[in-house]
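Trainee: Structure supplied as data.txt; contents: compact mmCIF, C-alpha atoms.
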# COMPACT_ATOMS: atom_id res chain seq x y z
CA MET A 1 -6.29 19.15 -323.10
CA SER A 2 -6.68 21.65 -320.24
CA ASP A 3 -7.21 20.60 -316.62
CA ASN A 4 -10.83 21.79 -316.70
CA GLU A 5 -11.68 19.85 -319.88
CA ASN A 6 -9.95 16.79 -318.51
CA ASN A 7 -11.87 16.97 -315.21
CA SER A 8 -15.26 17.61 -316.83
CA SER A 9 -14.84 14.58 -319.08
CA ILE A 10 -13.70 12.13 -316.40
CA LYS A 11 -16.51 13.02 -313.97
CA ASN A 12 -18.98 11.09 -316.13
CA PHE A 13 -17.18 7.80 -315.54
CA PRO A 14 -18.38 5.45 -312.76
CA ALA A 15 -14.80 5.30 -311.47
CA PHE A 16 -14.83 9.06 -310.87
CA LYS A 17 -18.05 8.80 -308.87
CA ILE A 18 -16.65 5.92 -306.78
CA ALA A 19 -13.37 7.79 -306.20
CA SER A 20 -15.00 11.09 -305.25
CA LEU A 21 -17.47 9.38 -302.91
CA ALA A 22 -14.73 7.35 -301.20
CA ILE A 23 -12.52 10.42 -300.69
CA LEU A 24 -15.41 12.55 -299.40
CA ILE A 25 -16.53 9.79 -297.01
CA ALA A 26 -12.98 9.67 -295.65
CA VAL A 27 -12.93 13.50 -295.38
CA THR A 28 -16.25 13.52 -293.49
CA THR A 29 -15.08 10.77 -291.12
CA VAL A 30 -11.83 12.62 -290.39
CA PHE A 31 -13.62 15.96 -289.95
CA THR A 32 -15.97 14.33 -287.47
CA TYR A 33 -12.87 13.32 -285.48
CA ILE A 34 -10.96 16.63 -285.67
CA ILE A 35 -12.79 18.68 -283.04
CA ARG A 36 -14.90 16.82 -280.55
CA ILE A 37 -16.51 18.91 -277.85
CA PRO A 38 -18.29 16.50 -275.48
CA ILE A 39 -21.86 17.35 -274.45
CA ALA A 40 -22.62 16.29 -270.91
CA PRO A 41 -26.08 14.64 -271.05
CA THR A 42 -25.56 11.87 -273.57
CA ARG A 43 -21.78 11.80 -273.98
CA GLY A 44 -22.29 12.81 -277.58
CA TYR A 45 -20.00 15.41 -279.10
CA ILE A 46 -20.04 18.47 -281.30
CA ASN A 47 -17.84 17.88 -284.29
CA PHE A 48 -16.84 19.25 -287.70
CA GLY A 49 -18.71 16.55 -289.61
CA ASP A 50 -21.42 19.09 -290.43
CA VAL A 51 -18.77 21.39 -291.91
CA ALA A 52 -17.77 18.59 -294.28
CA ILE A 53 -21.46 17.96 -295.12
CA PHE A 54 -22.10 21.64 -295.94
CA PHE A 55 -18.92 21.72 -298.01
CA THR A 56 -19.83 18.53 -299.93
CA ALA A 57 -23.43 19.66 -300.53
CA ILE A 58 -22.35 23.02 -301.96
CA THR A 59 -19.39 21.73 -303.96
CA PHE A 60 -20.41 18.25 -305.10
CA GLY A 61 -24.21 18.33 -305.09
CA PRO A 62 -27.09 16.70 -303.18
CA MET A 63 -26.58 13.00 -303.96
CA THR A 64 -22.87 13.07 -303.10
CA ALA A 65 -23.70 14.94 -299.89
CA PHE A 66 -26.36 12.36 -299.01
CA LEU A 67 -24.01 9.39 -299.43
CA ALA A 68 -20.75 10.96 -298.23
CA GLY A 69 -22.40 12.81 -295.34
CA GLY A 70 -24.39 9.79 -294.23
CA LEU A 71 -21.68 7.15 -294.57
CA GLY A 72 -18.84 9.40 -293.33
CA THR A 73 -20.57 10.31 -290.09
CA ALA A 74 -21.86 6.75 -289.62
CA LEU A 75 -18.29 5.41 -289.90
CA ALA A 76 -17.14 8.03 -287.36
CA ASP A 77 -19.87 6.83 -284.97
CA LEU A 78 -18.74 3.25 -285.52
CA PHE A 79 -15.08 3.99 -284.74
CA ALA A 80 -15.96 6.18 -281.76
CA GLY A 81 -17.80 3.26 -280.17
CA TYR A 82 -21.32 4.54 -280.79
CA ALA A 83 -22.13 1.83 -283.35
CA GLN A 84 -25.77 1.69 -282.24
CA TRP A 85 -26.21 5.24 -283.58
CA ALA A 86 -24.53 4.56 -286.96
CA PRO A 87 -27.71 3.58 -288.93
CA ILE A 88 -29.61 6.57 -287.52
CA THR A 89 -26.68 8.89 -288.19
CA PHE A 90 -26.58 7.71 -291.81
CA PHE A 91 -30.16 8.86 -292.39
CA ALA A 92 -30.00 11.99 -290.21
CA HIS A 93 -26.81 13.41 -291.76
CA GLY A 94 -27.48 11.94 -295.19
CA LEU A 95 -30.84 13.71 -295.44
CA GLN A 96 -29.25 16.85 -294.00
CA GLY A 97 -26.70 16.86 -296.85
CA LEU A 98 -29.34 16.04 -299.45
CA LEU A 99 -31.55 18.95 -298.36
CA ILE A 100 -28.69 21.47 -298.26
CA GLY A 101 -27.54 20.29 -301.69
CA LEU A 102 -31.04 20.51 -303.19
CA ILE A 103 -31.79 23.97 -301.76
CA LEU A 104 -28.40 25.47 -302.68
CA ARG A 105 -28.09 23.62 -306.01
CA LYS A 106 -28.90 26.53 -308.32
CA LYS A 107 -27.84 29.65 -306.48
CA ILE A 108 -26.28 30.45 -303.12
CA ASN A 109 -28.02 33.50 -301.63
CA ILE A 110 -28.98 34.54 -298.11
CA ILE A 111 -32.56 33.17 -298.36
CA GLY A 112 -31.26 29.83 -299.62
CA ILE A 113 -28.64 29.67 -296.86
CA VAL A 114 -31.20 30.41 -294.11
CA PHE A 115 -33.74 28.00 -295.60
CA SER A 116 -31.18 25.21 -296.04
CA PHE A 117 -29.94 25.72 -292.47
CA LEU A 118 -33.48 25.54 -291.06
CA ALA A 119 -34.44 22.50 -293.15
CA ALA A 120 -31.22 20.66 -292.35
CA THR A 121 -31.51 21.44 -288.63
CA VAL A 122 -35.14 20.36 -288.39
CA VAL A 123 -34.53 17.09 -290.26
CA MET A 124 -31.27 16.16 -288.52
CA ALA A 125 -32.28 17.14 -284.99
CA GLY A 126 -35.78 15.72 -285.58
CA ILE A 127 -34.53 12.28 -286.63
CA TYR A 128 -32.17 12.12 -283.64
CA TYR A 129 -34.90 13.29 -281.25
CA ILE A 130 -37.49 10.76 -282.46
CA THR A 131 -35.00 7.86 -282.44
CA ALA A 132 -33.59 8.78 -279.03
CA GLY A 133 -37.17 9.17 -277.79
CA PHE A 134 -38.05 5.64 -278.81
CA MET A 135 -34.79 4.30 -277.43
CA TYR A 136 -34.65 5.94 -274.00
CA GLY A 137 -37.64 8.26 -273.66
CA PHE A 138 -38.67 11.65 -275.11
CA GLY A 139 -37.81 13.54 -271.92
CA PRO A 140 -34.10 12.63 -271.82
CA ALA A 141 -33.94 12.93 -275.64
CA LEU A 142 -34.73 16.66 -275.39
CA ALA A 143 -31.27 17.21 -273.93
CA GLU A 144 -29.68 16.39 -277.29
CA ILE A 145 -31.49 19.05 -279.32
CA PRO A 146 -29.35 22.12 -278.36
CA GLY A 147 -26.16 20.22 -279.21
CA ASN A 148 -27.49 19.22 -282.62
CA ILE A 149 -28.55 22.80 -283.40
CA LEU A 150 -25.15 24.09 -282.29
CA GLN A 151 -23.48 21.54 -284.54
CA ASN A 152 -25.46 22.79 -287.53
CA VAL A 153 -24.58 26.40 -286.69
CA ALA A 154 -20.89 25.43 -286.72
CA GLY A 155 -21.49 23.55 -289.97
CA ILE A 156 -22.91 26.53 -291.83
CA ALA A 157 -20.59 29.12 -290.20
CA VAL A 158 -17.43 27.26 -291.24
CA GLY A 159 -18.70 25.17 -294.17
CA LEU A 160 -19.77 28.06 -296.41
CA PRO A 161 -16.53 30.09 -296.18
CA LEU A 162 -14.58 26.84 -296.49
CA ALA A 163 -16.33 25.97 -299.77
CA ALA A 164 -15.67 29.48 -301.09
CA ALA A 165 -12.00 29.34 -300.07
CA VAL A 166 -11.45 25.93 -301.68
CA ARG A 167 -13.17 27.05 -304.90
CA LYS A 168 -10.94 30.12 -305.02
CA ALA A 169 -7.75 28.19 -304.34
CA TYR A 170 -8.58 25.23 -306.59
CA PRO A 171 -10.91 26.32 -309.46
CA PRO A 172 -11.13 22.86 -311.20
CA ILE A 173 -13.34 21.73 -308.29
CA GLN A 174 -16.26 23.57 -309.96
CA ASN A 175 -16.41 20.79 -312.55
CA TYR A 176 -16.64 18.01 -309.98
CA LYS A 177 -20.38 18.36 -309.27
CA TRP A 178 -22.44 15.34 -310.36
CA MET B 1 -6.97 7.14 -284.89
CA ILE B 2 -8.90 3.93 -284.37
CA THR B 3 -10.32 2.66 -287.65
CA SER B 4 -11.33 -0.76 -286.40
CA THR B 5 -13.28 -1.84 -283.36
CA PHE B 6 -12.37 -5.51 -283.85
CA ILE B 7 -10.77 -7.20 -280.83
CA GLN B 8 -8.67 -10.27 -281.62
CA GLY B 9 -9.99 -13.42 -280.00
CA ASN B 10 -10.76 -17.08 -280.39
CA SER B 11 -14.30 -17.32 -279.02
CA PHE B 12 -17.26 -18.94 -280.77
CA LEU B 13 -18.48 -15.44 -281.70
CA HIS B 14 -15.17 -14.62 -283.39
CA LYS B 15 -15.49 -17.83 -285.42
CA ALA B 16 -19.20 -17.46 -286.20
CA ASP B 17 -20.36 -16.59 -289.69
CA PRO B 18 -20.72 -12.76 -290.11
CA ARG B 19 -24.04 -13.23 -291.96
CA LEU B 20 -25.47 -15.12 -289.00
CA LYS B 21 -24.19 -12.47 -286.60
CA THR B 22 -25.64 -9.64 -288.74
CA SER B 23 -29.06 -11.34 -288.78
CA ILE B 24 -28.98 -11.97 -285.04
CA LEU B 25 -27.92 -8.37 -284.35
CA LEU B 26 -30.94 -7.12 -286.28
CA CYS B 27 -33.26 -9.50 -284.38
CA THR B 28 -31.75 -8.43 -281.03
CA VAL B 29 -32.37 -4.73 -281.77
CA ILE B 30 -36.00 -5.51 -282.76
CA LEU B 31 -36.36 -7.60 -279.59
CA PHE B 32 -35.53 -4.67 -277.31
CA PHE B 33 -38.29 -2.60 -278.93
CA LEU B 34 -40.96 -5.28 -278.46
CA PRO B 35 -43.45 -5.01 -275.57
CA LEU B 36 -41.79 -7.81 -273.59
CA SER B 37 -42.10 -8.23 -269.85
CA ILE B 38 -39.31 -6.78 -267.70
CA THR B 39 -38.32 -10.33 -266.69
CA ALA B 40 -37.95 -11.45 -270.33
CA MET B 41 -35.96 -8.33 -271.18
CA PHE B 42 -33.73 -8.85 -268.16
CA ILE B 43 -33.09 -12.51 -269.11
CA PHE B 44 -32.04 -11.44 -272.64
CA PHE B 45 -29.92 -8.63 -271.28
CA THR B 46 -28.16 -10.93 -268.79
CA GLY B 47 -27.57 -13.45 -271.59
CA LEU B 48 -25.90 -10.74 -273.69
CA VAL B 49 -23.68 -9.66 -270.79
CA LEU B 50 -22.62 -13.26 -270.12
CA ILE B 51 -21.87 -13.82 -273.83
CA SER B 52 -19.80 -10.60 -273.84
CA ILE B 53 -17.85 -11.65 -270.73
CA TYR B 54 -17.18 -15.09 -272.23
CA SER B 55 -16.11 -13.72 -275.65
CA LEU B 56 -14.33 -10.48 -274.75
CA GLY B 57 -13.54 -10.67 -271.05
CA PHE B 58 -14.92 -8.90 -267.98
CA PHE B 59 -13.09 -5.57 -268.27
CA LYS B 60 -13.83 -5.12 -271.98
CA THR B 61 -17.51 -5.79 -271.21
CA LEU B 62 -17.52 -2.79 -268.87
CA LEU B 63 -16.76 -0.38 -271.74
CA PRO B 64 -20.29 -0.18 -273.25
CA PHE B 65 -21.69 0.36 -269.73
CA LYS B 66 -19.28 3.26 -269.23
CA MET B 67 -20.35 4.76 -272.56
CA VAL B 68 -24.05 4.48 -271.84
CA LEU B 69 -23.83 5.67 -268.20
CA PRO B 70 -24.67 9.38 -268.86
CA ILE B 71 -27.82 8.34 -270.77
CA ILE B 72 -28.82 6.04 -267.89
CA ILE B 73 -28.43 8.93 -265.41
CA PHE B 74 -30.66 11.15 -267.56
CA VAL B 75 -33.25 8.40 -267.94
CA ILE B 76 -33.32 7.92 -264.15
CA ILE B 77 -33.75 11.67 -263.56
CA LEU B 78 -36.19 12.54 -266.35
CA THR B 79 -38.40 9.46 -266.84
CA PRO B 80 -40.20 8.92 -263.46
CA PRO B 81 -41.80 12.43 -263.28
CA PHE B 82 -43.84 11.66 -266.42
CA PHE B 83 -45.55 8.63 -264.80
CA LYS B 84 -48.18 9.21 -262.12
CA ASP B 85 -50.06 5.87 -262.40
CA GLY B 86 -49.46 2.95 -260.03
CA ALA B 87 -48.57 2.80 -256.36
CA SER B 88 -46.49 5.64 -254.95
CA ILE B 89 -42.98 4.54 -253.98
CA LEU B 90 -41.27 7.83 -253.16
CA ILE B 91 -43.08 10.91 -251.87
CA ILE B 92 -41.23 14.04 -250.75
CA LYS B 93 -43.27 16.87 -249.18
CA ASN B 94 -46.56 15.58 -250.65
CA ILE B 95 -45.05 15.45 -254.16
CA ILE B 96 -45.01 12.03 -255.81
CA ILE B 97 -41.47 11.52 -257.10
CA LEU B 98 -41.64 7.86 -258.07
CA THR B 99 -44.50 5.46 -258.79
CA SER B 100 -44.40 1.72 -259.52
CA GLU B 101 -45.33 2.44 -263.16
CA GLY B 102 -42.55 5.02 -263.47
CA LEU B 103 -40.02 2.63 -261.95
CA LEU B 104 -40.96 -0.18 -264.36
CA HIS B 105 -40.78 2.14 -267.38
CA THR B 106 -37.39 3.49 -266.27
CA ILE B 107 -36.02 -0.06 -265.90
CA ARG B 108 -37.42 -0.94 -269.35
CA LEU B 109 -35.73 2.06 -270.99
CA ILE B 110 -32.41 1.35 -269.24
CA LEU B 111 -32.50 -2.31 -270.34
CA ARG B 112 -33.36 -1.24 -273.90
CA VAL B 113 -30.62 1.34 -274.38
CA THR B 114 -27.96 -0.75 -272.60
CA GLY B 115 -29.05 -3.94 -274.40
CA ILE B 116 -28.84 -2.32 -277.85
CA THR B 117 -25.47 -0.73 -277.03
CA ILE B 118 -23.99 -4.00 -275.80
CA SER B 119 -25.37 -5.90 -278.83
CA PHE B 120 -23.60 -3.55 -281.26
CA TYR B 121 -20.47 -3.61 -279.10
CA ILE B 122 -20.30 -7.43 -279.13
CA PHE B 123 -20.93 -7.51 -282.89
CA PHE B 124 -18.26 -4.99 -283.90
CA SER B 125 -15.75 -6.34 -281.36
CA THR B 126 -15.99 -9.85 -282.80
CA THR B 127 -16.49 -9.00 -286.50
CA SER B 128 -13.90 -7.22 -288.63
CA ILE B 129 -15.16 -4.40 -290.87
CA ASN B 130 -14.08 -6.36 -293.97
CA ASN B 131 -16.14 -9.38 -292.89
CA PHE B 132 -19.07 -7.09 -292.14
CA ILE B 133 -18.88 -5.60 -295.66
CA LEU B 134 -18.63 -9.11 -297.15
CA ALA B 135 -21.74 -10.08 -295.17
CA LEU B 136 -23.56 -7.00 -296.47
CA GLU B 137 -22.51 -7.94 -300.01
CA TRP B 138 -24.03 -11.38 -299.43
CA PHE B 139 -27.22 -9.57 -298.37
CA LYS B 140 -27.14 -7.94 -301.86
CA LEU B 141 -25.30 -4.71 -301.09
CA PRO B 142 -24.10 -3.59 -304.58
CA TYR B 143 -20.42 -4.24 -305.32
CA LYS B 144 -19.78 -0.55 -306.07
CA ALA B 145 -21.17 0.48 -302.67
CA ALA B 146 -18.95 -2.06 -300.91
CA LEU B 147 -15.97 -0.82 -302.95
CA VAL B 148 -16.64 2.81 -301.96
CA ILE B 149 -16.67 1.92 -298.24
CA THR B 150 -13.54 -0.25 -298.58
CA ILE B 151 -11.59 2.55 -300.36
CA ALA B 152 -12.79 5.10 -297.79
CA LEU B 153 -11.58 2.86 -294.96
CA ARG B 154 -8.16 2.60 -296.60
CA TYR B 155 -7.98 6.40 -297.04
CA ILE B 156 -9.04 7.45 -293.52
CA PRO B 157 -5.69 6.69 -291.75
CA SER B 158 -3.61 8.39 -294.48
CA MET B 159 -5.94 11.40 -294.39
CA VAL B 160 -5.37 11.72 -290.65
CA ILE B 161 -1.61 11.71 -291.30
CA ILE B 162 -2.07 14.39 -293.99
CA TYR B 163 -4.13 16.47 -291.56
CA ASN B 164 -1.49 16.19 -288.82
CA ASN B 165 1.32 17.10 -291.25
CA ILE B 166 -0.54 20.12 -292.60
CA GLN B 167 -1.44 21.23 -289.08
CA ASP B 168 2.24 20.95 -288.04
CA ALA B 169 3.27 22.95 -291.10
CA HIS B 170 0.77 25.69 -290.23
CA LYS B 171 1.99 25.70 -286.62
CA LEU B 172 5.53 26.38 -287.87
CA ARG B 173 4.30 29.45 -289.70
CA SER B 174 2.66 30.96 -286.64
CA SER B 175 4.73 33.48 -284.61
CA ASN B 176 4.32 31.83 -281.23
CA THR B 177 4.78 28.09 -281.29
CA GLN B 178 5.42 27.72 -277.57
CA LYS B 179 1.98 28.74 -276.35
CA ILE B 180 -0.95 28.34 -278.68
CA TYR B 181 -4.14 29.58 -277.09
CA PHE B 182 -7.60 28.30 -277.82
CA TRP B 183 -8.60 31.20 -280.12
CA LYS B 184 -5.31 30.82 -281.99
CA LYS B 185 -6.01 27.12 -282.49
CA ILE B 186 -9.42 27.92 -283.97
CA ASN B 187 -7.86 30.64 -286.12
CA ASN B 188 -5.22 28.19 -287.36
CA LEU B 189 -7.79 25.55 -288.12
CA PHE B 190 -9.41 27.23 -291.13
CA PRO B 191 -6.33 27.33 -293.43
CA THR B 192 -5.51 23.79 -292.29
CA LEU B 193 -8.98 22.59 -293.33
CA VAL B 194 -8.66 24.35 -296.72
CA SER B 195 -5.29 22.69 -297.32
CA VAL B 196 -6.55 19.24 -296.26
CA LEU B 197 -9.59 19.54 -298.54
CA ILE B 198 -7.57 20.66 -301.56
CA HIS B 199 -5.03 17.90 -300.98
CA SER B 200 -7.80 15.31 -300.70
CA ILE B 201 -9.78 16.54 -303.70
CA LYS B 202 -6.69 16.62 -305.89
CA SER B 203 -6.35 12.89 -305.33
CA ILE B 204 -9.82 12.16 -306.83
CA PRO B 205 -8.76 12.21 -310.53
CA THR B 206 -5.70 10.04 -309.78
CA LEU B 207 -7.78 7.53 -307.82
CA SER B 208 -10.48 7.42 -310.50
CA MET B 209 -7.88 6.79 -313.21
CA ALA B 210 -6.40 3.97 -311.10
CA LEU B 211 -9.87 2.47 -310.76
CA GLU B 212 -10.47 2.81 -314.52
CA LEU B 213 -7.22 0.98 -315.19
CA ARG B 214 -8.40 -1.83 -312.91
CA GLY B 215 -11.55 -2.18 -314.98
CA ILE B 216 -14.04 -0.51 -312.63
CA GLY B 217 -17.04 0.59 -314.63
CA SER B 218 -16.76 -2.06 -317.33
CA ALA B 219 -19.77 -4.30 -317.94
CA THR B 220 -17.81 -7.52 -317.44
CA LYS B 221 -18.55 -9.33 -314.18
CA ARG B 222 -15.71 -8.98 -311.70
CA SER B 223 -14.11 -11.76 -309.71
CA GLN B 224 -13.29 -11.21 -306.02
CA PHE B 225 -10.34 -12.33 -303.94
CA ASN B 226 -12.11 -12.19 -300.57
CA ILE B 227 -15.47 -13.91 -300.45
CA ILE B 228 -17.64 -15.65 -297.89
CA LYS B 229 -18.19 -19.16 -299.16
CA SER B 230 -21.90 -19.59 -299.68
CA ASN B 231 -22.18 -23.28 -298.90
CA LYS B 232 -25.45 -24.88 -297.92
CA MET B 233 -24.43 -25.62 -294.34
CA ILE B 234 -23.71 -21.98 -293.48
CA LEU B 235 -26.92 -20.89 -295.16
CA GLN B 236 -28.87 -23.47 -293.14
CA ILE B 237 -27.20 -22.35 -289.89
CA THR B 238 -28.01 -18.71 -290.69
CA ILE B 239 -31.65 -19.41 -291.50
CA SER B 240 -32.14 -21.75 -288.53
CA GLY B 241 -30.45 -19.22 -286.19
CA VAL B 242 -32.83 -16.47 -287.27
CA ILE B 243 -35.86 -18.79 -287.11
CA LEU B 244 -34.84 -19.94 -283.61
CA LEU B 245 -34.60 -16.34 -282.42
CA LEU B 246 -37.97 -15.50 -283.99
CA VAL B 247 -39.56 -18.53 -282.31
CA ILE B 248 -38.16 -17.40 -278.94
CA LEU B 249 -39.53 -13.92 -279.57
CA VAL B 250 -43.01 -15.17 -280.46
CA ALA B 251 -42.98 -17.51 -277.43
CA LEU B 252 -42.06 -14.61 -275.16
CA LEU B 253 -44.77 -12.40 -276.63
CA ILE B 254 -47.44 -15.07 -276.12
Take the structure from the file and write it as structure tokens.
Mentor:
Amino acid sequence: MSDNENNSSIKNFPAFKIASLAILIAVTTVFTYIIRIPIAPTRGYINFGDVAIFFTAITFGPMTAFLAGGLGTALADLFAGYAQWAPITFFAHGLQGLLIGLILRKKINIIGIVFSFLAATVVMAGIYYITAGFMYGFGPALAEIPGNILQNVAGIAVGLPLAAAVRKAYPPIQNYKW
Amino acid sequence: MITSTFIQGNSFLHKADPRLKTSILLCTVILFFLPLSITAMFIFFTGLVLISIYSLGFFKTLLPFKMVLPIIIFVIILTPPFFKDGASILIIKNIIILTSEGLLHTIRLILRVTGITISFYIFFSTTSINNFILALEWFKLPYKAALVITIALRYIPSMVIIYNNIQDAHKLRSSNTQKIYFWKKINNLFPTLVSVLIHSIKSIPTLSMALELRGIGSATKRSQFNIIKSNKMILQITISGVILLLVILVALLI
């Protein structure tokens, strides 16, 4: 049996789904830790978690991106000492991954990329803005928006070429989508 | 890399049931969003600080304050200008800077954000991640979901090691290893990320086969080594703890 046949048959097993989710959650958590550029107002940081979310959404599909993106970034928040943000992060980044995965599910073209970027940015930054607004006021919460947009720009700028490079270097990954 | 926020200790919070602590954490977060008086909020906030000092020590209690400080500064700067009602407290060159209403709202927001931060800090400093997952399982989190998080937590430290090794290997291949400038670091990062991803993804089939061999996915009910004993006493304490907190909340609202 070839590698491709082997991979396409095992992906239907629950164990494969559990394994791929666990690995991608770990990847997202680690990517969120790799580069952390602090943003002054709220002591948040710009990270590569969005790169991992874009990669997961394109390579593994919307549901995997929702769970891995949401849980991976929430765990990173937890370990970084921002546990109070973890539940919000789960929904913000989870929905971000879900939307990117749904929009780019069939075909990756320039319209899809722009549309997925806009949808992901609006949903992610919007959830953070509304939650921060309720927590400590809508005025101070405005300060977070540029950072969140910048994070999404980094996500799409690095995530898309990264997905293409990994597909080229490791073709069996094309059968991992579920 | 820190993959646990748990601080070893012997306080009553360390010994308390994680289900009770999870329920109380949820109630505490709700409490800070309720329209309580500033006095009531301050009493709750002071209580949390005292509990934190007793359970974790004075210096460890300062950490959440340090983390939340930039937000507090922004709240102080940006909240008062939006409130013009109430008596004027600070007027500079005929411009009202601060009113009594603005001051009260600023204090409320500061107590809310600091209170929520300190609540989460106390919880995750006195509860291990494994106990937290067990508590979530008791609250009907599916076994497979708990398993996914547990495996991910085991993989995170080894993935960091893989990342560091790959990054070191890529550094060796670069011409100038003495001085690596910022742009060079960014340039080096892309192949490192590709290598880390391929290495990680290659482990998925092996891990899934290992899980298959351990019977994951079969219909038979699984037994667990680590469980929280669901005896009646703990259940009663949990329920009565939550009811007590709810009663306090209602009393404060009335």
Trainee: For Ala169 of chain A, which residue out of B:Ile118, B:Ala210, B:Ile198, B:Val75 is the nearest one, using all atoms listed in the file?
Mentor: B:Ile198
Trainee: From the list B:Ala146, B:Phe44, B:Leu26, B:Pro157, which residue is nearest Asn131 of chain B when using all atoms listed in the file?
Mentor: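 Among the listed residues, B:Ala146 lies closest to Asn131 of chain B.
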Trainee: Give me, please, the distance in Å between atom CA of Gly61 of chain A and atom CA of Arg214 of chain B, quoted to one decimal.
Mentor: 26.8 Å
Trainee: Which is closest to chain A among B:Leu134, B:Val148, B:Ile96, B:Ile227, if we use only C-alpha atoms?
Mentor: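 Looking at the shortest contact to chain A, the residue is B:Val148.
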Trainee: Only residues of chain A matter here; which ones have an atom within 9 Å of chain B, counting only C-alpha atoms? Give them as JSON, numbers by chain.
Mentor: {"A": [7, 10, 11, 13, 14, 15, 16, 17, 18, 19, 20, 21, 22, 23, 24, 25, 26, 27, 29, 30, 31, 33, 34, 40, 41, 42, 43, 71, 72, 75, 76, 78, 79, 80, 81, 82, 83, 84, 85, 134, 135, 136, 137, 138, 139, 140, 141, 143, 158, 162, 163, 165, 166, 169, 170, 173]}
Trainee: Calculate how many Å separate atom CA of Leu34 of chain B from atom CA of Leu244 of chain B, rounding to one decimal.
Mentor: 16.7 Å
Trainee: Extract, using all atoms listed in the file, all DNA, RNA and protein residues at most 10 Å from Gln96 of chain A, discarding same-chain residues fewer than 5 positions from it, and format them as a list in words.
Mentor: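 That gives Asp50, Ile53, Phe54, Ala57, Pro62, Ala65, Phe66, Gly69, Gly70, Phe90, Phe91, Gly101, Ser116, Phe117, Ala119, Ala120, Thr121, Val122, Val123, Met124, Ala125 and Asn152 of chain A.
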Trainee: Let me make sure I understand: among A:Gly159, A:Pro171, A:Gly112, A:Pro87, which one has the smallest atom-to-atom distance to Thr56 of chain A if we use only C-alpha atoms?
Mentor: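 Distance minimum relative to Thr56 of chain A lands on A:Gly159.
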Trainee: Figure out the distance between atom CA of Thr131 of chain A and atom CA of Leu103 of chain B, please, to one decimal in Å.
Mentor: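 Between atom CA of Leu103 of chain B and atom CA of Thr131 of chain A the gap works out to 21.7 Å.
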Trainee: Pull the neighbourhood of (-28.4, 26.0, -303.1) for me: all residues within 12 Å in file coordinates, counting all atoms listed in the file, as an MDAnalysis selection string.
Mentor: chainID A and resid 54:62 97:117 160
